[in-house]
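Presented below is the structure to which this report refers.
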There are 4 protein chains.
Amino acid sequence: MPVKTVPGRPRDPATERRILDAALRLLRADGYNRMSVDAVALEAGVSKPTIYRRWPSKADLATAAIRTLQLLEPPANTGSTPTDLVQILENFCRSLLRPNGMSLLGTVLAEEQHTPELIQLFRERIVTPRRAMLRDVLLRAKARGELTPQADLDCAVNLLVGAFYARYLAEAKIPPAFARHLVDILWRGIAVQPERKPY
Amino acid sequence: MPVKTVPGRPRDPATERRILDAALRLLRADGYNRMSVDAVALEAGVSKPTIYRRWPSKADLATAAIRTLQLLEPPANTGSTPTDLVQILENFCRSLLRPNGMSLLGTVLAEEQHTPELIQLFRERIVTPRRAMLRDVLLRAKARGELTPQADLDCAVNLLVGAFYARYLAEAKIPPAFARHLVDILWRGIAVQPERKPY
Amino acid sequence: MPVKTVPGRPRDPATERRILDAALRLLRADGYNRMSVDAVALEAGVSKPTIYRRWPSKADLATAAIRTLQLLEPPANTGSTPTDLVQILENFCRSLLRPNGMSLLGTVLAEEQHTPELIQLFRERIVTPRRAMLRDVLLRAKARGELTPQADLDCAVNLLVGAFYARYLAEAKIPPAFARHLVDILWRGIAVQPERKPY
Amino acid sequence: MPVKTVPGRPRDPATERRILDAALRLLRADGYNRMSVDAVALEAGVSKPTIYRRWPSKADLATAAIRTLQLLEPPANTGSTPTDLVQILENFCRSLLRPNGMSLLGTVLAEEQHTPELIQLFRERIVTPRRAMLRDVLLRAKARGELTPQADLDCAVNLLVGAFYARYLAEAKIPPAFARHLVDILWRGIAVQPERKPY
DNA sequence: CATGAATGAGCTTTCATTCAT
DNA sequence: AATGAATGAAAGCTCATTCAT
């Protein structure tokens, strides 16, 4: 009884990866609209039909490329809430300061009307996981009684993450201790105050 | 010939306005790349060379369109610092929630590599003025001794403004009392605390 | 090894039929150029190389599909020449008025320069047999002395068959008694006249 | 008061002609589907946008090309009905025997489902005018009392015109006296018979 | 033998820009 | 100054055909 194999020529497993990598790079470098399937094919070293066989349109290709994104950083857990927050935010900061760090975000926003799948996936793969990490840290803090009862965790997350966007938009560079300064202010705003304990 | 005049047919100043309005609208609706000079000409009711006579390229046209942007809201000054902040932020929020409110921001970010003038002008015309308004409120507060000495005003501005970006990215809608919640947290973080005075 | 067999897996004869049926349907529906081998493969439930293994090119596939065509109607023989003619022509008419009834004819004409095999086979399988049926009826009539000596049978066939093409081209619909009217006129033109016998 | 001129660069009037001529030639030579806008542009010596400025799609271009078709032959009127008919039919025959004489007809038939404008215009420009010429001759004959009362003129036209299609389909060549033979038969079929007068 | 994968060449259409009046 | 016409270069997508299993 021979081993059952799939019929037909098998796909080169590296091809898929190369196409998506190329698409993602060009998406970052050029934005969705400037990214051409031709350029992706050239950079991936395949022909265009090889791409269209896998994804039926350029939008699907871009979507698939964004779907491969994922946060790799493990959640921080040092015991100190502010330190955990700073650590997560500094990872975030590093990703923003990479070349084209903000351009993918720009593209998904700019294409929101024309290609809404992009921002949906960007949310799902990048935005939400990072927010969840921050939120988890804050939830642990709350469980330990470190936060004032009325502290709004979701607002806190928005303040922390958003400050980087705001700063980037204002200046395109971010000073080294930025994350720490943010957390300093925020922590005074949400933590139980009497024992204004330094961390 | 007493009066000095330029020879030839004079330019219609209303034309310029119409072109830039059309360009700005399309820039918001479609993004830089999808915006076509043809479409701008059509919407402005002029021909393409009329545009190219004024701005030598599509990038210059887009740049000029963004240059016309300006914040119209008068700075708040109610006497209460938190109230002033909330007022400015709610204006900001309204502009974000207009149709295509975020898409221009997305476009300038996405085009940062290819057309860096766009983000420069966007900063100059929109981002910086709004930050200045917030900063002024905080400076007044500081002068009145409301803030802790170590409060970093720039960080505070980033926290406030950025929170809206972060929230929009996460959900594309912003709850009504959002600005107030943000200011609540921030104010605890930067104001002199002993007399935790309600505002 | 007494029984002589071909080595290897034998071809499924039903496959051949399915491919040709699909090809013929698409040829009629879309014309030669719009018919894609992909679509044929899909509709036949086979892969493209399965097709290319049997016919070396798209032209050969189309040719083979047309080769399968054949007239199925039995020749008429009622004893009355005009009735026989009308019967054959009404069969013809029905085939023309089927969906895409004329499109295959159009395709073979349109492709005459590029793929001349098509029209050759169409002649051989469809045109000639039907003409032969009409011709046979007329030959029998001649043998019975019904026709004038100088009557040109080939011309008569052209007149009868062609009238349908002309009518279709002019209007795309054919009135019910059309065949009878044609035969009426023709019969007066070729039959021995003195005893203008009604049929 | 200066003479009012149209603004803008005027179109080269020869361009339109050249494009349509090229389109028509390629339509005949290759059929609608094989005809590429690229090839038309090349043959006409213009760029593709020059074509697309005038006709918004390939179908519109082909339609316009067919719309330029017209019968140039003046209607015959020799006094003898059969001679008039023969004359018109021999003109028709000449047009069929030109290179690609039948291919345009084939194309409009083949495209009937996908591009129905083509056959509509072909009818309007070519088919109908020729039929009208034949019909006029027969109407004059009827007015002179040459035809039997019950003669169906439309059927007669179909018989005459169609015979050429049928013949071409059967053999792709047409003998010299074909038209005369057809008229011979038809005339016996529709003319008043007693004085079987030779013409 | 039959399959799914791959390809080079082509398709229609659009765009930013320049020309000629 | 302003127009409509023209263009070279690309874009997204499809096709007939061949390859590798």
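Following the order of the structure tokens, chains are lettered A, B, ..., residues in each are numbered from 1, and ligands are numbered from 1.
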
Q) Can you list, as a PyMOL selection string, every residue of chain B that DSSP puts in alpha helix (DSSP H)? A) chain B and resi 13-34+37-44+48-54+58-67+81-97+103-110+116-122+128-143+153-171+178-190

Q: List the neighbours of segment 3-13 of chain F out to 10 Å using only C-alpha atoms (C1' of nucleotides); skip same-chain residues closer than 3 positions along the sequence, and give me the result as a PyMOL selection string.
A: (chain A and resi 34+36-38+48-49+52+56-58) or (chain B and resi 46-50) or (chain D and resi 6-12+46-50+53) or (chain E and resi 11-21)

Using N, CA and C atoms (P, O5', C5', C4', C3', O3' and C1' of nucleotides), can you write the selected residues to a file as a compact mmCIF listing (two decimals), in the first residue's frame?
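And here is the file that came out, selection_15.txt:
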```txt
# COMPACT_ATOMS: atom_id res chain seq x y z
N ARG A 34 1.19 52.64 -4.15
CA ARG A 34 2.42 52.62 -4.96
C ARG A 34 2.96 51.21 -5.11
N SER A 36 3.32 47.80 -6.40
CA SER A 36 2.77 47.13 -7.58
C SER A 36 3.03 45.63 -7.51
N VAL A 37 2.12 44.89 -8.02
CA VAL A 37 2.26 43.44 -8.01
C VAL A 37 3.49 43.04 -8.82
N ASP A 38 3.74 43.79 -9.87
CA ASP A 38 4.96 43.57 -10.64
C ASP A 38 6.20 43.66 -9.75
N LYS A 48 4.14 36.97 -12.00
CA LYS A 48 2.89 37.48 -11.45
C LYS A 48 1.82 36.40 -11.28
N PRO A 49 1.63 35.53 -12.24
CA PRO A 49 0.59 34.52 -12.01
C PRO A 49 0.83 33.67 -10.78
N TYR A 52 -0.92 35.62 -8.32
CA TYR A 52 -2.37 35.64 -8.48
C TYR A 52 -3.00 34.27 -8.24
N PRO A 56 -6.20 36.34 -5.03
CA PRO A 56 -6.87 36.72 -6.26
C PRO A 56 -6.79 38.20 -6.63
N SER A 57 -6.28 39.01 -5.75
CA SER A 57 -6.18 40.41 -6.12
C SER A 57 -5.08 41.06 -5.30
N LYS A 58 -4.72 42.21 -5.72
CA LYS A 58 -3.69 42.95 -4.99
C LYS A 58 -4.12 43.21 -3.55
N VAL B 46 -11.28 73.48 -14.18
CA VAL B 46 -10.21 74.06 -15.00
C VAL B 46 -9.52 72.94 -15.77
N SER B 47 -8.57 73.32 -16.60
CA SER B 47 -7.84 72.31 -17.34
C SER B 47 -6.52 72.01 -16.64
N LYS B 48 -5.95 70.89 -17.02
CA LYS B 48 -4.73 70.49 -16.33
C LYS B 48 -3.59 71.49 -16.47
N PRO B 49 -3.33 72.02 -17.64
CA PRO B 49 -2.23 72.98 -17.72
C PRO B 49 -2.43 74.19 -16.81
N THR B 50 -3.67 74.55 -16.54
CA THR B 50 -3.93 75.64 -15.61
C THR B 50 -3.38 75.29 -14.23
N VAL D 6 -12.24 78.00 -31.28
CA VAL D 6 -12.35 77.05 -30.18
C VAL D 6 -11.07 77.06 -29.38
N PRO D 7 -11.18 76.99 -28.09
CA PRO D 7 -9.96 77.00 -27.29
C PRO D 7 -9.28 75.65 -27.36
N GLY D 8 -8.01 75.66 -26.98
CA GLY D 8 -7.28 74.41 -26.88
C GLY D 8 -6.67 73.97 -28.19
N ARG D 9 -5.83 73.01 -28.04
CA ARG D 9 -5.16 72.46 -29.21
C ARG D 9 -6.16 71.71 -30.06
N PRO D 10 -6.22 72.02 -31.33
CA PRO D 10 -7.22 71.34 -32.17
C PRO D 10 -6.80 69.92 -32.46
N ARG D 11 -7.77 69.10 -32.66
CA ARG D 11 -7.46 67.72 -33.03
C ARG D 11 -6.98 67.66 -34.47
N ASP D 12 -6.05 66.79 -34.68
CA ASP D 12 -5.65 66.52 -36.06
C ASP D 12 -6.80 65.75 -36.71
N VAL D 46 -0.54 56.51 -33.48
CA VAL D 46 -0.85 57.36 -32.34
C VAL D 46 -0.60 56.57 -31.07
N SER D 47 -0.76 57.23 -29.95
CA SER D 47 -0.60 56.52 -28.68
C SER D 47 -1.97 56.04 -28.20
N LYS D 48 -1.91 55.13 -27.29
CA LYS D 48 -3.19 54.58 -26.83
C LYS D 48 -4.11 55.62 -26.19
N PRO D 49 -3.60 56.50 -25.35
CA PRO D 49 -4.54 57.48 -24.79
C PRO D 49 -5.23 58.34 -25.84
N THR D 50 -4.59 58.54 -26.95
CA THR D 50 -5.26 59.28 -28.03
C THR D 50 -6.51 58.56 -28.48
N ARG D 53 -9.09 58.77 -25.48
CA ARG D 53 -9.73 60.08 -25.34
C ARG D 53 -10.98 60.17 -26.21
P DC E 11 -1.91 42.18 -27.16
O5' DC E 11 -3.09 42.43 -26.11
C5' DC E 11 -4.09 41.45 -25.93
C4' DC E 11 -4.91 41.77 -24.71
C3' DC E 11 -5.35 43.21 -24.63
O3' DC E 11 -6.57 43.37 -25.30
C1' DC E 11 -4.55 42.44 -22.51
P DT E 12 -7.05 44.71 -25.85
O5' DT E 12 -7.59 45.46 -24.56
C5' DT E 12 -8.73 44.93 -23.89
C4' DT E 12 -8.93 45.66 -22.59
C3' DT E 12 -9.29 47.14 -22.75
O3' DT E 12 -10.35 47.42 -21.85
C1' DT E 12 -7.37 46.94 -21.40
P DT E 13 -11.12 48.80 -21.96
O5' DT E 13 -10.33 49.72 -20.94
C5' DT E 13 -10.22 49.31 -19.59
C4' DT E 13 -9.17 50.12 -18.87
C3' DT E 13 -9.31 51.64 -18.94
O3' DT E 13 -9.75 52.08 -17.68
C1' DT E 13 -7.05 50.94 -19.04
P DT E 14 -10.05 53.60 -17.44
O5' DT E 14 -8.69 54.13 -16.80
C5' DT E 14 -8.26 53.57 -15.58
C4' DT E 14 -6.96 54.23 -15.17
C3' DT E 14 -7.03 55.76 -15.12
O3' DT E 14 -6.60 56.17 -13.83
C1' DT E 14 -5.11 55.04 -16.32
P DC E 15 -6.78 57.67 -13.41
O5' DC E 15 -5.26 58.16 -13.35
C5' DC E 15 -4.29 57.29 -12.81
C4' DC E 15 -2.91 57.85 -13.05
C3' DC E 15 -2.88 59.37 -13.00
O3' DC E 15 -2.00 59.77 -11.98
C1' DC E 15 -1.80 58.54 -14.97
P DA E 16 -2.04 61.27 -11.49
O5' DA E 16 -0.65 61.81 -12.07
C5' DA E 16 0.55 61.18 -11.67
C4' DA E 16 1.71 61.67 -12.50
C3' DA E 16 1.95 63.17 -12.43
O3' DA E 16 3.35 63.40 -12.45
C1' DA E 16 1.45 62.56 -14.66
P DT E 17 3.87 64.90 -12.30
O5' DT E 17 4.01 65.34 -13.83
C5' DT E 17 4.87 64.60 -14.67
C4' DT E 17 4.66 64.98 -16.13
C3' DT E 17 4.82 66.46 -16.47
O3' DT E 17 6.04 66.61 -17.18
C1' DT E 17 3.11 65.42 -17.73
P DT E 18 6.55 68.02 -17.63
O5' DT E 18 6.05 68.11 -19.15
C5' DT E 18 6.58 67.18 -20.08
C4' DT E 18 5.94 67.42 -21.43
C3' DT E 18 6.15 68.81 -22.02
O3' DT E 18 6.58 68.62 -23.36
C1' DT E 18 3.87 68.25 -22.10
P DC E 19 7.10 69.81 -24.25
O5' DC E 19 5.92 69.91 -25.33
C5' DC E 19 5.48 68.71 -25.92
C4' DC E 19 4.39 69.00 -26.93
C3' DC E 19 4.55 70.28 -27.73
O3' DC E 19 4.27 69.97 -29.07
C1' DC E 19 2.45 70.28 -26.64
P DA E 20 4.59 70.98 -30.21
O5' DA E 20 3.16 71.58 -30.53
C5' DA E 20 2.11 70.69 -30.87
C4' DA E 20 0.83 71.48 -31.12
C3' DA E 20 1.00 72.74 -31.92
O3' DA E 20 -0.22 72.90 -32.61
C1' DA E 20 0.15 73.32 -29.84
P DT E 21 -0.29 73.80 -33.88
O5' DT E 21 -1.37 74.88 -33.45
C5' DT E 21 -2.72 74.46 -33.27
C4' DT E 21 -3.39 75.37 -32.31
C3' DT E 21 -3.55 76.80 -32.77
O3' DT E 21 -4.83 76.95 -33.34
C1' DT E 21 -3.21 76.57 -30.42
```

(Q) Set the distance at 9 Å and use only C-alpha atoms (C1' of nucleotides): which residues neighbour segment 17-30 of chain D once local chain neighbours fewer than 3 positions away are removed? I'd like the list as a ChimeraX atom specification. (A) /C:110-111,113-114 /D:13-14,33-37,39-46,51,61-62,64-66,68-69,99-105,107

(Q) Just to confirm, what's the straight-line distance from atom CA of Met133 of chain B to atom CA of Pro75 of chain B in Å (one decimal)? (A)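 Those two atoms sit 6.1 Å apart.
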
Compile the contact shell of Val192 of chain C as a tab-separated table (two decimals) with C-alpha atoms, in the first residue's frame: residues with an atom at most 9 Å away, counting only C-alpha atoms (C1' of nucleotides), same-chain residues fewer than 5 positions apart removed.
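Resulting contents of selection_9.tsv:
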```
chain	number	residue	atom	x	y	z
C	145	GLY	CA	-39.59	14.67	-63.61
C	146	GLU	CA	-40.87	17.33	-61.29
C	147	LEU	CA	-38.21	19.86	-62.12
C	148	THR	CA	-37.51	21.86	-65.22
C	149	PRO	CA	-34.53	20.56	-67.10
C	187	TRP	CA	-40.78	25.70	-56.13
```

Q: Find the distance between atom CA of Leu89 of chain A and atom CA of Glu112 of chain B and write it in Å to one decimal.
A: 23.2 Å

(Q) Using only C-alpha atoms (C1' of nucleotides), which protein or nucleic acid residues come within 10 Å of Ala151 of chain D? Drop anything in the same chain fewer than 5 positions from it, and give the result as a list in words. (A) His181, Asp184 and Ile185 of chain C; Leu138, Lys142, Ala156, Gly189, Ile190, Ala191 and Val192 of chain D

Counting only C-alpha atoms, which residues from chain C have an atom at most 6 Å from any atom of chain D, and could you show them as a PDB file with N, CA and C atoms, in the first residue's frame?
```
ATOM      1  N   GLY C  31     -17.101  32.033 -28.267  1.00  0.00           N
ATOM      2  CA  GLY C  31     -16.241  32.183 -29.431  1.00  0.00           C
ATOM      3  C   GLY C  31     -14.867  31.593 -29.169  1.00  0.00           C
ATOM      4  N   SER C 103     -23.678  31.456 -33.275  1.00  0.00           N
ATOM      5  CA  SER C 103     -22.386  31.985 -32.861  1.00  0.00           C
ATOM      6  C   SER C 103     -21.239  31.082 -33.307  1.00  0.00           C
ATOM      7  N   GLY C 106     -20.465  32.077 -36.667  1.00  0.00           N
ATOM      8  CA  GLY C 106     -19.721  33.335 -36.628  1.00  0.00           C
ATOM      9  C   GLY C 106     -18.266  33.102 -36.272  1.00  0.00           C
ATOM     10  N   THR C 107     -18.050  32.267 -35.285  1.00  0.00           N
ATOM     11  CA  THR C 107     -16.672  32.009 -34.875  1.00  0.00           C
ATOM     12  C   THR C 107     -15.846  31.404 -35.990  1.00  0.00           C
ATOM     13  N   LEU C 109     -16.232  31.638 -39.091  1.00  0.00           N
ATOM     14  CA  LEU C 109     -15.964  32.646 -40.114  1.00  0.00           C
ATOM     15  C   LEU C 109     -14.921  33.650 -39.637  1.00  0.00           C
ATOM     16  N   ALA C 110     -15.080  34.100 -38.408  1.00  0.00           N
ATOM     17  CA  ALA C 110     -14.162  35.115 -37.900  1.00  0.00           C
ATOM     18  C   ALA C 110     -12.742  34.579 -37.812  1.00  0.00           C
ATOM     19  N   ASN C 158     -28.548  26.665 -52.243  1.00  0.00           N
ATOM     20  CA  ASN C 158     -28.024  27.908 -51.673  1.00  0.00           C
ATOM     21  C   ASN C 158     -29.140  28.883 -51.326  1.00  0.00           C
ATOM     22  N   LEU C 159     -30.103  28.978 -52.236  1.00  0.00           N
ATOM     23  CA  LEU C 159     -31.209  29.902 -51.973  1.00  0.00           C
ATOM     24  C   LEU C 159     -31.937  29.516 -50.689  1.00  0.00           C
ATOM     25  N   GLY C 162     -29.476  29.657 -47.478  1.00  0.00           N
ATOM     26  CA  GLY C 162     -28.987  31.008 -47.235  1.00  0.00           C
ATOM     27  C   GLY C 162     -30.050  31.955 -46.728  1.00  0.00           C
ATOM     28  N   ALA C 163     -31.276  31.752 -47.165  1.00  0.00           N
ATOM     29  CA  ALA C 163     -32.316  32.687 -46.745  1.00  0.00           C
ATOM     30  C   ALA C 163     -32.396  32.780 -45.215  1.00  0.00           C
ATOM     31  N   TYR C 165     -29.843  32.441 -43.101  1.00  0.00           N
ATOM     32  CA  TYR C 165     -28.746  33.290 -42.644  1.00  0.00           C
ATOM     33  C   TYR C 165     -29.102  34.755 -42.862  1.00  0.00           C
ATOM     34  N   ALA C 166     -29.606  35.048 -44.052  1.00  0.00           N
ATOM     35  CA  ALA C 166     -29.917  36.440 -44.371  1.00  0.00           C
ATOM     36  C   ALA C 166     -30.961  36.981 -43.418  1.00  0.00           C
ATOM     37  N   ARG C 167     -31.978  36.191 -43.196  1.00  0.00           N
ATOM     38  CA  ARG C 167     -33.029  36.635 -42.302  1.00  0.00           C
ATOM     39  C   ARG C 167     -32.494  36.864 -40.888  1.00  0.00           C
ATOM     40  N   ILE C 185     -41.827  30.031 -53.061  1.00  0.00           N
ATOM     41  CA  ILE C 185     -41.203  30.805 -54.136  1.00  0.00           C
ATOM     42  C   ILE C 185     -40.277  29.918 -54.966  1.00  0.00           C
ATOM     43  N   LEU C 186     -39.427  29.199 -54.265  1.00  0.00           N
ATOM     44  CA  LEU C 186     -38.454  28.397 -54.991  1.00  0.00           C
ATOM     45  C   LEU C 186     -39.123  27.374 -55.903  1.00  0.00           C
ATOM     46  N   ARG C 188     -41.962  27.381 -57.391  1.00  0.00           N
ATOM     47  CA  ARG C 188     -42.412  27.999 -58.643  1.00  0.00           C
ATOM     48  C   ARG C 188     -41.221  28.243 -59.559  1.00  0.00           C
ATOM     49  N   GLY C 189     -40.078  28.463 -58.991  1.00  0.00           N
ATOM     50  CA  GLY C 189     -38.911  28.781 -59.809  1.00  0.00           C
ATOM     51  C   GLY C 189     -38.268  27.581 -60.459  1.00  0.00           C
TER      52      GLY C 189
END
```

Q: Find, counting only C-alpha atoms (C1' of nucleotides), the residue in D:Arg130, D:Trp55, D:Ala141, D:Thr81 that gets nearest to chain E.
A: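 Under the stated criterion, the closest residue is D:Trp55.
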
**Q.** Atom pair atom CA of Leu121 of chain B / atom CA of Arg67 of chain B: separation (Å)
**A.** 6.1 Å

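Contacts from chain E to chain C at a cut-off of 10 Å (only C-alpha atoms (C1' of nucleotides)) map to DC1, DA2, DT3 and DG4 of chain E.
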